[in-house]
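**Q** Next comes the structure file start_30.cif, holding mmCIF, C-alpha atoms.
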data_structure
loop_
_atom_site.label_atom_id
_atom_site.label_comp_id
_atom_site.auth_asym_id
_atom_site.auth_seq_id
_atom_site.Cartn_x
_atom_site.Cartn_y
_atom_site.Cartn_z
CA MET A 1341 -58.76 50.25 -30.23
CA ALA A 1342 -55.37 49.19 -28.94
CA ALA A 1343 -53.61 52.55 -29.23
CA SER A 1344 -56.19 54.62 -27.38
CA ALA A 1345 -57.45 52.13 -24.79
CA GLN A 1346 -57.75 53.66 -21.36
CA ILE A 1347 -56.74 51.55 -18.40
CA LYS A 1348 -57.60 52.84 -14.95
CA PHE A 1349 -58.23 49.66 -12.98
CA CYS A 1350 -56.73 46.19 -12.73
CA ASN A 1351 -58.50 43.43 -14.67
CA LEU A 1352 -57.55 40.88 -12.02
CA CYS A 1353 -58.31 42.59 -8.68
CA GLY A 1354 -60.22 45.78 -9.59
CA ARG A 1355 -57.84 48.18 -7.79
CA GLY A 1356 -56.24 51.26 -9.38
CA VAL A 1357 -53.25 51.10 -11.73
CA THR A 1358 -50.24 53.40 -12.14
CA GLN A 1359 -48.04 53.88 -15.19
CA LYS A 1360 -44.53 52.71 -14.45
CA ILE A 1361 -41.69 50.70 -15.96
CA PRO A 1362 -41.82 47.19 -14.46
CA PRO A 1363 -38.57 45.49 -13.36
CA GLY A 1364 -36.78 43.97 -16.37
CA ASP A 1365 -38.88 46.00 -18.78
CA ASN A 1366 -37.95 49.19 -20.64
CA ARG A 1367 -41.27 50.91 -21.21
CA GLN A 1368 -44.19 52.35 -19.30
CA ARG A 1369 -47.00 49.89 -18.54
CA TYR A 1370 -50.14 50.11 -16.49
CA VAL A 1371 -49.25 48.20 -13.31
CA CYS A 1372 -51.69 47.37 -10.50
CA ASP A 1373 -50.85 49.20 -7.26
CA HIS A 1374 -52.32 46.32 -5.27
CA CYS A 1375 -51.53 42.95 -6.89
CA GLY A 1376 -48.76 44.04 -9.27
CA GLU A 1377 -50.46 42.64 -12.39
CA ILE A 1378 -49.12 44.28 -15.55
CA GLN A 1379 -51.89 45.34 -17.95
CA TYR A 1380 -50.15 44.93 -21.31
CA GLN A 1381 -51.47 46.64 -24.42
CA ASN A 1382 -50.39 45.27 -27.79
CA PRO A 1383 -51.21 45.85 -31.45
CA LYS A 1384 -54.27 44.23 -32.94
CA ILE A 1385 -54.53 42.35 -36.20
CA VAL A 1386 -57.19 43.30 -38.73
CA THR A 1387 -57.62 40.46 -41.21
CA GLY A 1388 -59.55 40.46 -44.47
CA CYS A 1389 -59.97 39.07 -47.98
CA ILE A 1390 -60.25 40.14 -51.55
CA PRO A 1391 -62.91 37.56 -52.50
CA VAL A 1392 -62.52 36.78 -56.21
CA TRP A 1393 -64.95 35.27 -58.70
CA GLN A 1394 -63.33 34.97 -62.15
CA ASP A 1395 -62.63 38.58 -63.22
CA ARG A 1396 -64.68 40.20 -60.47
CA VAL A 1397 -64.12 41.00 -56.79
CA LEU A 1398 -66.67 41.09 -53.99
CA LEU A 1399 -67.00 44.39 -52.13
CA CYS A 1400 -69.17 45.44 -49.19
CA ARG A 1401 -70.74 48.83 -48.53
CA ARG A 1402 -70.20 49.59 -44.87
CA ALA A 1403 -73.17 49.77 -42.50
CA ILE A 1404 -70.88 50.80 -39.62
CA GLU A 1405 -68.49 53.59 -38.75
CA PRO A 1406 -65.84 54.51 -39.62
CA ARG A 1407 -66.62 55.28 -43.28
CA TYR A 1408 -70.30 54.36 -43.13
CA GLY A 1409 -71.72 54.05 -46.67
CA TYR A 1410 -68.34 53.55 -48.37
CA TRP A 1411 -67.10 50.40 -50.07
CA THR A 1412 -64.38 48.04 -48.90
CA VAL A 1413 -63.38 44.39 -48.75
CA PRO A 1414 -64.60 42.20 -45.87
CA ALA A 1415 -62.22 42.56 -42.92
CA GLY A 1416 -62.21 42.91 -39.16
CA PHE A 1417 -60.38 42.20 -35.93
CA MET A 1418 -58.82 38.76 -35.64
CA GLU A 1419 -60.24 36.75 -32.72
CA ASN A 1420 -58.53 34.50 -30.19
CA GLY A 1421 -58.30 30.84 -31.17
CA GLU A 1422 -58.26 31.27 -34.94
CA SER A 1423 -55.61 31.57 -37.65
CA VAL A 1424 -55.22 34.78 -39.64
CA GLN A 1425 -56.68 33.04 -42.70
CA GLN A 1426 -59.61 31.66 -40.68
CA GLY A 1427 -60.25 35.19 -39.40
CA ALA A 1428 -60.24 36.57 -42.96
CA ALA A 1429 -62.68 33.86 -44.09
CA ARG A 1430 -64.89 34.38 -41.01
CA GLU A 1431 -65.11 38.13 -41.66
CA THR A 1432 -66.05 37.39 -45.29
CA MET A 1433 -68.82 35.11 -44.06
CA GLU A 1434 -70.03 37.65 -41.49
CA GLU A 1435 -69.99 40.73 -43.72
CA ALA A 1436 -70.86 39.17 -47.08
CA CYS A 1437 -72.32 35.72 -46.18
CA ALA A 1438 -69.71 34.36 -48.59
CA PRO A 1439 -67.77 31.12 -48.12
CA VAL A 1440 -64.25 31.36 -49.58
CA THR A 1441 -61.39 28.95 -50.25
CA ASP A 1442 -57.74 29.21 -51.34
CA VAL A 1443 -56.95 32.01 -48.88
CA SER A 1444 -53.45 33.34 -49.82
CA LEU A 1445 -51.45 36.16 -48.27
CA TYR A 1446 -51.50 39.33 -50.38
CA GLY A 1447 -50.37 42.19 -48.17
CA ILE A 1448 -49.29 43.23 -44.69
CA TYR A 1449 -49.86 46.86 -43.78
CA ASN A 1450 -48.46 48.42 -40.62
CA LEU A 1451 -50.64 51.14 -39.10
CA PRO A 1452 -48.40 52.11 -36.15
CA HIS A 1453 -50.35 55.32 -35.39
CA ILE A 1454 -53.34 53.19 -34.36
CA SER A 1455 -51.33 50.10 -33.32
CA GLN A 1456 -52.88 47.81 -35.89
CA VAL A 1457 -51.49 45.40 -38.44
CA TYR A 1458 -53.73 44.84 -41.42
CA MET A 1459 -53.31 41.44 -43.10
CA LEU A 1460 -54.97 41.07 -46.47
CA PHE A 1461 -55.51 37.79 -48.36
CA ARG A 1462 -56.72 36.81 -51.80
CA ALA A 1463 -59.50 34.22 -51.69
CA ARG A 1464 -61.74 32.37 -54.11
CA LEU A 1465 -65.49 32.75 -53.81
CA GLU A 1466 -67.06 29.29 -53.79
CA SER A 1467 -69.77 30.20 -56.33
CA GLU A 1468 -70.92 33.17 -58.38
CA ALA A 1469 -74.11 33.61 -56.37
CA GLY A 1470 -72.53 32.56 -53.10
CA TYR A 1471 -72.76 35.82 -51.20
CA GLY A 1472 -75.29 37.99 -49.40
CA VAL A 1473 -75.50 40.99 -47.12
CA GLY A 1474 -74.18 40.62 -43.59
CA GLU A 1475 -75.24 42.72 -40.60
CA GLU A 1476 -72.37 45.16 -40.94
CA SER A 1477 -72.99 45.76 -44.67
CA LEU A 1478 -75.60 47.89 -46.47
CA GLU A 1479 -75.07 45.96 -49.69
CA THR A 1480 -72.51 43.72 -51.35
CA ALA A 1481 -71.70 43.19 -55.01
CA LEU A 1482 -69.25 41.66 -57.48
CA PHE A 1483 -67.34 44.28 -59.46
CA LEU A 1484 -65.33 44.18 -62.65
CA GLU A 1485 -62.24 46.40 -62.43
CA GLN A 1486 -63.84 49.18 -64.50
CA ASP A 1487 -66.99 49.18 -62.36
CA ILE A 1488 -65.33 49.57 -58.95
CA PRO A 1489 -66.55 52.77 -57.26
CA TRP A 1490 -63.03 54.16 -56.77
CA ASP A 1491 -64.29 57.53 -55.49
CA LYS A 1492 -66.50 55.81 -52.91
CA MET A 1493 -63.93 53.49 -51.38
CA ALA A 1494 -63.62 53.58 -47.59
CA PHE A 1495 -59.85 53.06 -47.22
CA ARG A 1496 -56.93 54.04 -49.46
CA VAL A 1497 -54.97 50.95 -48.45
CA VAL A 1498 -57.74 48.76 -49.89
CA SER A 1499 -57.97 50.81 -53.11
CA ALA A 1500 -54.21 50.47 -53.59
CA ALA A 1501 -54.31 46.72 -52.99
CA LEU A 1502 -57.20 46.29 -55.45
CA LYS A 1503 -55.33 48.27 -58.11
CA ARG A 1504 -52.29 46.06 -57.59
CA PHE A 1505 -54.51 42.99 -57.71
CA PHE A 1506 -55.99 43.87 -61.11
CA ILE A 1507 -52.54 44.64 -62.54
CA GLU A 1508 -51.04 41.40 -61.23
CA ARG A 1509 -54.08 39.43 -62.32
CA GLN A 1510 -53.19 40.11 -65.96
CA THR A 1511 -50.14 37.86 -65.63
CA ASN A 1512 -51.33 35.77 -62.67
CA GLN A 1513 -48.06 36.68 -60.91
CA PHE A 1514 -49.13 37.74 -57.45
CA THR A 1515 -46.70 39.33 -54.99
CA VAL A 1516 -46.89 39.91 -51.24
CA GLU A 1517 -46.55 43.54 -50.20
CA VAL A 1518 -45.30 44.55 -46.74
CA THR A 1519 -45.55 48.27 -46.16
CA ASP A 1520 -46.37 51.04 -43.70
CA ILE A 1521 -49.48 53.21 -43.84
CA VAL A 1522 -48.80 56.43 -41.95
CA MET B 776 -50.73 35.63 -22.72
CA ALA B 777 -53.77 36.47 -24.79
CA ALA B 778 -55.46 33.06 -24.70
CA SER B 779 -55.37 32.54 -20.96
CA ALA B 780 -55.77 36.10 -19.68
CA GLN B 781 -58.20 36.32 -16.81
CA ILE B 782 -60.55 39.28 -16.70
CA LYS B 783 -62.55 39.79 -13.53
CA PHE B 784 -62.87 43.56 -13.33
CA CYS B 785 -63.46 46.44 -15.71
CA ASN B 786 -60.36 48.38 -16.84
CA LEU B 787 -62.38 51.59 -17.02
CA CYS B 788 -64.45 51.67 -13.81
CA GLY B 789 -63.09 48.83 -11.66
CA ARG B 790 -66.43 47.02 -11.20
CA GLY B 791 -67.04 43.33 -11.91
CA VAL B 792 -67.50 41.90 -15.39
CA THR B 793 -69.75 39.13 -16.71
CA GLN B 794 -69.29 36.96 -19.80
CA LYS B 795 -72.04 37.67 -22.32
CA ILE B 796 -72.63 38.26 -26.01
CA PRO B 797 -72.88 42.03 -26.55
CA PRO B 798 -75.61 43.38 -28.89
CA GLY B 799 -74.49 43.11 -32.53
CA ASP B 800 -71.74 40.65 -31.61
CA ASN B 801 -71.71 36.88 -31.96
CA ARG B 802 -69.32 35.72 -29.27
CA GLN B 803 -68.86 35.83 -25.51
CA ARG B 804 -66.96 38.85 -24.20
CA TYR B 805 -66.21 40.14 -20.75
CA VAL B 806 -68.67 43.03 -20.32
CA CYS B 807 -68.74 45.42 -17.37
CA ASP B 808 -71.91 45.04 -15.27
CA HIS B 809 -71.71 48.72 -14.35
CA CYS B 810 -70.51 50.85 -17.29
CA GLY B 811 -71.01 48.34 -20.11
CA GLU B 812 -67.43 48.56 -21.37
CA ILE B 813 -66.48 45.49 -23.42
CA GLN B 814 -63.09 44.05 -22.47
CA TYR B 815 -61.90 42.64 -25.79
CA GLN B 816 -59.16 40.03 -25.95
CA ASN B 817 -57.34 39.56 -29.23
CA PRO B 818 -54.36 37.62 -30.54
CA LYS B 819 -50.87 38.98 -30.02
CA ILE B 820 -48.09 39.27 -32.55
CA VAL B 821 -44.67 37.84 -31.77
CA THR B 822 -42.12 39.34 -34.14
CA GLY B 823 -38.52 38.32 -34.72
CA CYS B 824 -35.55 38.08 -37.07
CA ILE B 825 -33.10 35.64 -38.48
CA PRO B 826 -30.09 38.00 -38.32
CA VAL B 827 -27.67 36.99 -41.08
CA TRP B 828 -23.97 37.71 -41.52
CA GLN B 829 -22.71 36.15 -44.78
CA ASP B 830 -23.13 32.38 -44.30
CA ARG B 831 -23.87 32.56 -40.59
CA VAL B 832 -26.95 33.34 -38.50
CA LEU B 833 -27.10 34.94 -35.07
CA LEU B 834 -28.78 32.91 -32.33
CA CYS B 835 -29.50 33.68 -28.67
CA ARG B 836 -29.48 31.26 -25.75
CA ARG B 837 -32.53 32.09 -23.65
CA ALA B 838 -32.13 33.51 -20.14
CA ILE B 839 -35.90 33.41 -19.60
CA GLU B 840 -38.70 30.88 -19.55
CA PRO B 841 -40.14 29.20 -21.49
CA ARG B 842 -37.21 27.10 -22.74
CA TYR B 843 -34.56 28.65 -20.51
CA GLY B 844 -31.09 27.67 -21.72
CA TYR B 845 -32.17 26.71 -25.24
CA TRP B 846 -31.28 28.52 -28.46
CA THR B 847 -33.54 30.59 -30.69
CA VAL B 848 -33.64 33.70 -32.87
CA PRO B 849 -34.35 37.11 -31.30
CA ALA B 850 -38.13 37.62 -31.06
CA GLY B 851 -40.79 38.95 -28.73
CA PHE B 852 -44.15 40.63 -28.43
CA MET B 853 -44.79 43.49 -30.83
CA GLU B 854 -45.42 46.79 -29.03
CA ASN B 855 -47.94 49.56 -29.71
CA GLY B 856 -46.74 52.31 -32.03
CA GLU B 857 -44.26 50.27 -34.07
CA SER B 858 -44.30 48.34 -37.33
CA VAL B 859 -43.80 44.57 -37.35
CA GLN B 860 -40.34 45.07 -38.90
CA GLN B 861 -39.42 47.70 -36.29
CA GLY B 862 -40.53 45.28 -33.60
CA ALA B 863 -38.35 42.51 -35.05
CA ALA B 864 -35.35 44.87 -35.21
CA ARG B 865 -36.03 46.15 -31.66
CA GLU B 866 -36.13 42.61 -30.27
CA THR B 867 -32.84 41.87 -32.05
CA MET B 868 -31.31 44.92 -30.41
CA GLU B 869 -32.71 44.03 -26.98
CA GLU B 870 -31.79 40.35 -26.97
CA ALA B 871 -28.57 40.42 -29.01
CA CYS B 872 -27.51 44.12 -28.97
CA ALA B 873 -27.43 43.79 -32.76
CA PRO B 874 -28.49 46.48 -35.24
CA VAL B 875 -29.98 44.97 -38.40
CA THR B 876 -31.07 46.27 -41.81
CA ASP B 877 -32.94 44.87 -44.85
CA VAL B 878 -35.71 43.33 -42.75
CA SER B 879 -37.76 41.11 -45.11
CA LEU B 880 -40.77 38.91 -44.36
CA TYR B 881 -39.89 35.22 -44.19
CA GLY B 882 -42.74 33.45 -42.42
CA ILE B 883 -46.08 33.84 -40.70
CA TYR B 884 -47.00 31.14 -38.21
CA ASN B 885 -50.45 30.86 -36.66
CA LEU B 886 -50.50 29.54 -33.10
CA PRO B 887 -54.28 29.53 -32.50
CA HIS B 888 -54.04 27.41 -29.32
CA ILE B 889 -52.25 30.29 -27.60
CA SER B 890 -53.80 33.09 -29.72
CA GLN B 891 -50.51 34.28 -31.13
CA VAL B 892 -49.26 35.03 -34.63
CA TYR B 893 -45.52 34.67 -35.06
CA MET B 894 -44.03 36.86 -37.80
CA LEU B 895 -40.48 36.03 -38.78
CA PHE B 896 -38.18 38.20 -40.91
CA ARG B 897 -34.77 37.80 -42.51
CA ALA B 898 -32.41 40.66 -41.65
CA ARG B 899 -28.82 41.64 -42.33
CA LEU B 900 -26.47 42.13 -39.40
CA GLU B 901 -24.73 45.48 -39.81
CA SER B 902 -21.26 44.11 -39.03
CA GLU B 903 -19.61 40.82 -38.14
CA ALA B 904 -18.84 41.90 -34.58
CA GLY B 905 -22.00 43.96 -34.20
CA TYR B 906 -23.75 41.93 -31.54
CA GLY B 907 -23.64 41.29 -27.82
CA VAL B 908 -25.63 39.67 -25.03
CA GLY B 909 -28.93 41.28 -24.06
CA GLU B 910 -30.63 40.93 -20.67
CA GLU B 911 -32.88 38.09 -21.80
CA SER B 912 -30.00 36.06 -23.27
CA LEU B 913 -27.33 33.90 -21.60
CA GLU B 914 -25.10 34.10 -24.67
CA THR B 915 -25.33 34.87 -28.38
CA ALA B 916 -23.27 33.60 -31.29
CA LEU B 917 -23.01 33.43 -35.07
CA PHE B 918 -23.48 29.90 -36.40
CA LEU B 919 -22.67 28.22 -39.69
CA GLU B 920 -25.42 25.78 -40.72
CA GLN B 921 -23.41 22.72 -39.62
CA ASP B 922 -22.67 24.25 -36.21
CA ILE B 923 -26.24 25.07 -35.20
CA PRO B 924 -27.15 23.21 -31.98
CA TRP B 925 -30.23 21.53 -33.51
CA ASP B 926 -30.87 19.38 -30.44
CA LYS B 927 -30.75 22.42 -28.17
CA MET B 928 -33.18 24.65 -30.06
CA ALA B 929 -36.03 26.16 -28.05
CA PHE B 930 -38.82 26.05 -30.64
CA ARG B 931 -39.51 23.66 -33.52
CA VAL B 932 -40.97 26.47 -35.63
CA VAL B 933 -37.64 28.29 -35.49
CA SER B 934 -35.66 25.13 -36.32
CA ALA B 935 -37.91 24.52 -39.34
CA ALA B 936 -37.52 28.11 -40.55
CA LEU B 937 -33.73 27.95 -40.17
CA LYS B 938 -33.59 24.70 -42.15
CA ARG B 939 -35.66 26.30 -44.90
CA PHE B 940 -33.42 29.37 -44.78
CA PHE B 941 -30.22 27.39 -45.35
CA ILE B 942 -31.80 25.44 -48.23
CA GLU B 943 -33.14 28.58 -49.91
CA ARG B 944 -29.88 30.41 -49.32
CA GLN B 945 -28.13 28.06 -51.73
CA THR B 946 -30.05 29.62 -54.63
CA ASN B 947 -30.88 32.96 -52.99
CA GLN B 948 -34.54 32.31 -53.84
CA PHE B 949 -36.38 33.08 -50.63
CA THR B 950 -40.08 32.30 -50.17
CA VAL B 951 -42.63 33.46 -47.61
CA GLU B 952 -44.26 30.66 -45.66
CA VAL B 953 -47.70 31.03 -44.07
CA THR B 954 -48.63 28.04 -41.95
CA ASP B 955 -50.29 26.83 -38.76
CA ILE B 956 -48.43 25.43 -35.75
CA VAL B 957 -50.81 23.29 -33.74
#
I need this file expressed as structure tokens, please.
**A**
Amino acid sequence: MAASAQIKFCNLCGRGVTQKIPPGDNRQRYVCDHCGEIQYQNPKIVTGCIPVWQDRVLLCRRAIEPRYGYWTVPAGFMENGESVQQGAARETMEEACAPVTDVSLYGIYNLPHISQVYMLFRARLESEAGYGVGEESLETALFLEQDIPWDKMAFRVVSAALKRFFIERQTNQFTVEVTDIV
Amino acid sequence: MAASAQIKFCNLCGRGVTQKIPPGDNRQRYVCDHCGEIQYQNPKIVTGCIPVWQDRVLLCRRAIEPRYGYWTVPAGFMENGESVQQGAARETMEEACAPVTDVSLYGIYNLPHISQVYMLFRARLESEAGYGVGEESLETALFLEQDIPWDKMAFRVVSAALKRFFIERQTNQFTVEVTDIV
């Protein structure tokens, strides 16, 4: 996790690092005492989808911590070399074995206390039966709005986005939300 | 830079790392041979503003590489502990000494070849004279559309966003663009 990562040694030369403000910078970084390499730490992007099939959405019950056993949408850390949308689709494939198309931005959520930015997309499931159970899921299922296990959802940000989704779906007028989760 | 970062030693214990696929993962990571710590590398967010004063926008002429001497909007790497909008406003303060308000999402640009995501916002300059020249800028100035030095712009993605801005400004109907820059 970006916010809590410990850095004691230099990635380049293996010697010890010290926290200091490098020349031309204005904040403390871990800097190598030997080779001078600056070990930057930056926020990470979590990217995910609301996979939609007609009037239902695909949810996954988590087989990993945090929030083991609770429901959420497929999402995870964005990887190098991909786009945010590709990352959202990849996570949907990994966690729910579900190919998706029409990946559209739906929300950006700042989580500054853990140095993450959560980017959520709407996406279309390619077929009604086109999903399964990935390694990080206990089960997956398509839910109508009234069947969503609201009291067993893993993350409030996802519950709020799903509620917005079902309201906006009535008129097919989808907005993009940008907000902070503190 | 995220895509090209070299990792030879473990940040936690200083011993050598080897590229391998950790258990439960599906891609090569740098893993410590001694303590097993996984040295993840993830995309970085570059965040910036188009600072607007009435019918003019604030641009900075770069005092740093890449594209030294060329013009762009204030932008830079997002830092831990801030929101994307705070990062965009902070960069505007650092590079153009300009406080901004009303920071609204305007574009998300995937740069998968360098493992960056560029997030661009519109923002309102607090006053007409409320800007200066930050350490990473040679000069800064407010430009009307017809005065923008289009042939001296540092980055095509910024030129494209500014062109879209001036078109959309005519009707005050601003969109959010999500696209790949390859």
**Q** Applied to the shown file, which residues does the PyMOL selection byres ((chain B) within 9 of (chain A)) return, written as a ChimeraX atom specification?
**A** /B:777-778,781-791,799,816-820,852-860,879-880,884-892,910-911,951,953-955
**Q** As a check of understanding, name the residues that the PyMOL selection byres ((chain A and resi 1468-1470) around 12) selects in the supplied structure, as a PyMOL selection string.
**A** chain A and resi 1391-1398+1432-1433+1436-1440+1464-1467+1471-1473+1480-1483
**Q** Just say which residues the PyMOL selection byres ((chain B and resi 935-942) around 10) picks in this file, as an mmCIF file with C-alpha atoms, in the frame of the given file.
**A**
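Everything below was put into part-v4.cif:
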data_model
loop_
_atom_site.group_PDB
_atom_site.id
_atom_site.type_symbol
_atom_site.label_atom_id
_atom_site.label_comp_id
_atom_site.auth_asym_id
_atom_site.auth_seq_id
_atom_site.Cartn_x
_atom_site.Cartn_y
_atom_site.Cartn_z
ATOM 1 C CA ILE B 825 -33.100 35.640 -38.480
ATOM 2 C CA ASP B 830 -23.130 32.380 -44.300
ATOM 3 C CA ARG B 831 -23.870 32.560 -40.590
ATOM 4 C CA VAL B 832 -26.950 33.340 -38.500
ATOM 5 C CA THR B 847 -33.540 30.590 -30.690
ATOM 6 C CA VAL B 848 -33.640 33.700 -32.870
ATOM 7 C CA TYR B 881 -39.890 35.220 -44.190
ATOM 8 C CA GLY B 882 -42.740 33.450 -42.420
ATOM 9 C CA LEU B 895 -40.480 36.030 -38.780
ATOM 10 C CA ARG B 897 -34.770 37.800 -42.510
ATOM 11 C CA LEU B 919 -22.670 28.220 -39.690
ATOM 12 C CA GLU B 920 -25.420 25.780 -40.720
ATOM 13 C CA ILE B 923 -26.240 25.070 -35.200
ATOM 14 C CA TRP B 925 -30.230 21.530 -33.510
ATOM 15 C CA PHE B 930 -38.820 26.050 -30.640
ATOM 16 C CA ARG B 931 -39.510 23.660 -33.520
ATOM 17 C CA VAL B 932 -40.970 26.470 -35.630
ATOM 18 C CA VAL B 933 -37.640 28.290 -35.490
ATOM 19 C CA SER B 934 -35.660 25.130 -36.320
ATOM 20 C CA GLU B 943 -33.140 28.580 -49.910
ATOM 21 C CA ARG B 944 -29.880 30.410 -49.320
ATOM 22 C CA GLN B 945 -28.130 28.060 -51.730
ATOM 23 C CA THR B 946 -30.050 29.620 -54.630
ATOM 24 C CA ASN B 947 -30.880 32.960 -52.990
ATOM 25 C CA GLN B 948 -34.540 32.310 -53.840
ATOM 26 C CA PHE B 949 -36.380 33.080 -50.630
ATOM 27 C CA THR B 950 -40.080 32.300 -50.170
ATOM 28 C CA GLU B 952 -44.260 30.660 -45.660
#
**Q** Calculate how many Å separate CA of Ser912 (chain B) from CA of Met928 (chain B), rounding to one decimal.
**A**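 Interatomic distance, CA of Ser912 (chain B) to CA of Met928 (chain B): 13.7 Å.
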**Q** Select, from A:Glu1479, A:Asp1373, A:Glu1435, A:Asp1442, the residue with the minimum atom-to-atom distance to Gly1416 (chain A), counting only C-alpha atoms.
**A**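 Of the candidates, the smallest distance to Gly1416 (chain A) is held by A:Glu1435.
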**Q** What is the distance between CA of Tyr845 (chain B) and CA of Val821 (chain B), in Å to one decimal?
**A**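 So the answer is 18.0 Å.
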**Q** Reconstruct all heavy atoms of region 930-936 of chain B; output as an mmCIF file, in the frame of the given file.
**A**
data_model
loop_
_atom_site.group_PDB
_atom_site.id
_atom_site.type_symbol
_atom_site.label_atom_id
_atom_site.label_comp_id
_atom_site.auth_asym_id
_atom_site.auth_seq_id
_atom_site.Cartn_x
_atom_site.Cartn_y
_atom_site.Cartn_z
ATOM 1 N N PHE B 930 -37.501 26.138 -29.999
ATOM 2 C CA PHE B 930 -38.820 26.050 -30.640
ATOM 3 C C PHE B 930 -38.696 25.375 -32.001
ATOM 4 O O PHE B 930 -37.872 25.776 -32.827
ATOM 5 C CB PHE B 930 -39.413 27.459 -30.808
ATOM 6 C CG PHE B 930 -39.454 28.249 -29.536
ATOM 7 C CD1 PHE B 930 -38.610 29.340 -29.337
ATOM 8 C CD2 PHE B 930 -40.323 27.897 -28.512
ATOM 9 C CE1 PHE B 930 -38.638 30.068 -28.156
ATOM 10 C CE2 PHE B 930 -40.354 28.623 -27.325
ATOM 11 C CZ PHE B 930 -39.516 29.709 -27.139
ATOM 12 N N ARG B 931 -39.566 24.388 -32.242
ATOM 13 C CA ARG B 931 -39.510 23.660 -33.520
ATOM 14 C C ARG B 931 -39.782 24.559 -34.706
ATOM 15 O O ARG B 931 -39.225 24.371 -35.780
ATOM 16 C CB ARG B 931 -40.522 22.499 -33.501
ATOM 17 C CG ARG B 931 -39.892 21.208 -32.986
ATOM 18 C CD ARG B 931 -40.881 20.067 -33.067
ATOM 19 N NE ARG B 931 -42.071 20.361 -32.258
ATOM 20 C CZ ARG B 931 -43.149 19.582 -32.212
ATOM 21 N NH1 ARG B 931 -43.208 18.482 -32.934
ATOM 22 N NH2 ARG B 931 -44.183 19.903 -31.450
ATOM 23 N N VAL B 932 -40.665 25.563 -34.521
ATOM 24 C CA VAL B 932 -40.970 26.470 -35.630
ATOM 25 C C VAL B 932 -39.727 27.227 -36.087
ATOM 26 O O VAL B 932 -39.506 27.439 -37.285
ATOM 27 C CB VAL B 932 -42.137 27.421 -35.258
ATOM 28 C CG1 VAL B 932 -41.830 28.211 -34.001
ATOM 29 C CG2 VAL B 932 -42.464 28.367 -36.394
ATOM 30 N N VAL B 933 -38.878 27.574 -35.154
ATOM 31 C CA VAL B 933 -37.640 28.290 -35.490
ATOM 32 C C VAL B 933 -36.648 27.344 -36.172
ATOM 33 O O VAL B 933 -36.011 27.705 -37.175
ATOM 34 C CB VAL B 933 -37.031 28.952 -34.236
ATOM 35 C CG1 VAL B 933 -35.645 29.519 -34.530
ATOM 36 C CG2 VAL B 933 -37.959 30.047 -33.716
ATOM 37 N N SER B 934 -36.536 26.114 -35.671
ATOM 38 C CA SER B 934 -35.660 25.130 -36.320
ATOM 39 C C SER B 934 -36.083 24.919 -37.774
ATOM 40 O O SER B 934 -35.254 24.894 -38.689
ATOM 41 C CB SER B 934 -35.710 23.793 -35.575
ATOM 42 O OG SER B 934 -35.240 23.945 -34.261
ATOM 43 N N ALA B 935 -37.402 24.762 -37.985
ATOM 44 C CA ALA B 935 -37.910 24.520 -39.340
ATOM 45 C C ALA B 935 -37.613 25.713 -40.252
ATOM 46 O O ALA B 935 -37.212 25.542 -41.403
ATOM 47 C CB ALA B 935 -39.418 24.239 -39.290
ATOM 48 N N ALA B 936 -37.782 26.916 -39.736
ATOM 49 C CA ALA B 936 -37.520 28.110 -40.550
ATOM 50 C C ALA B 936 -36.033 28.230 -40.879
ATOM 51 O O ALA B 936 -35.661 28.600 -41.992
ATOM 52 C CB ALA B 936 -38.014 29.356 -39.808
#
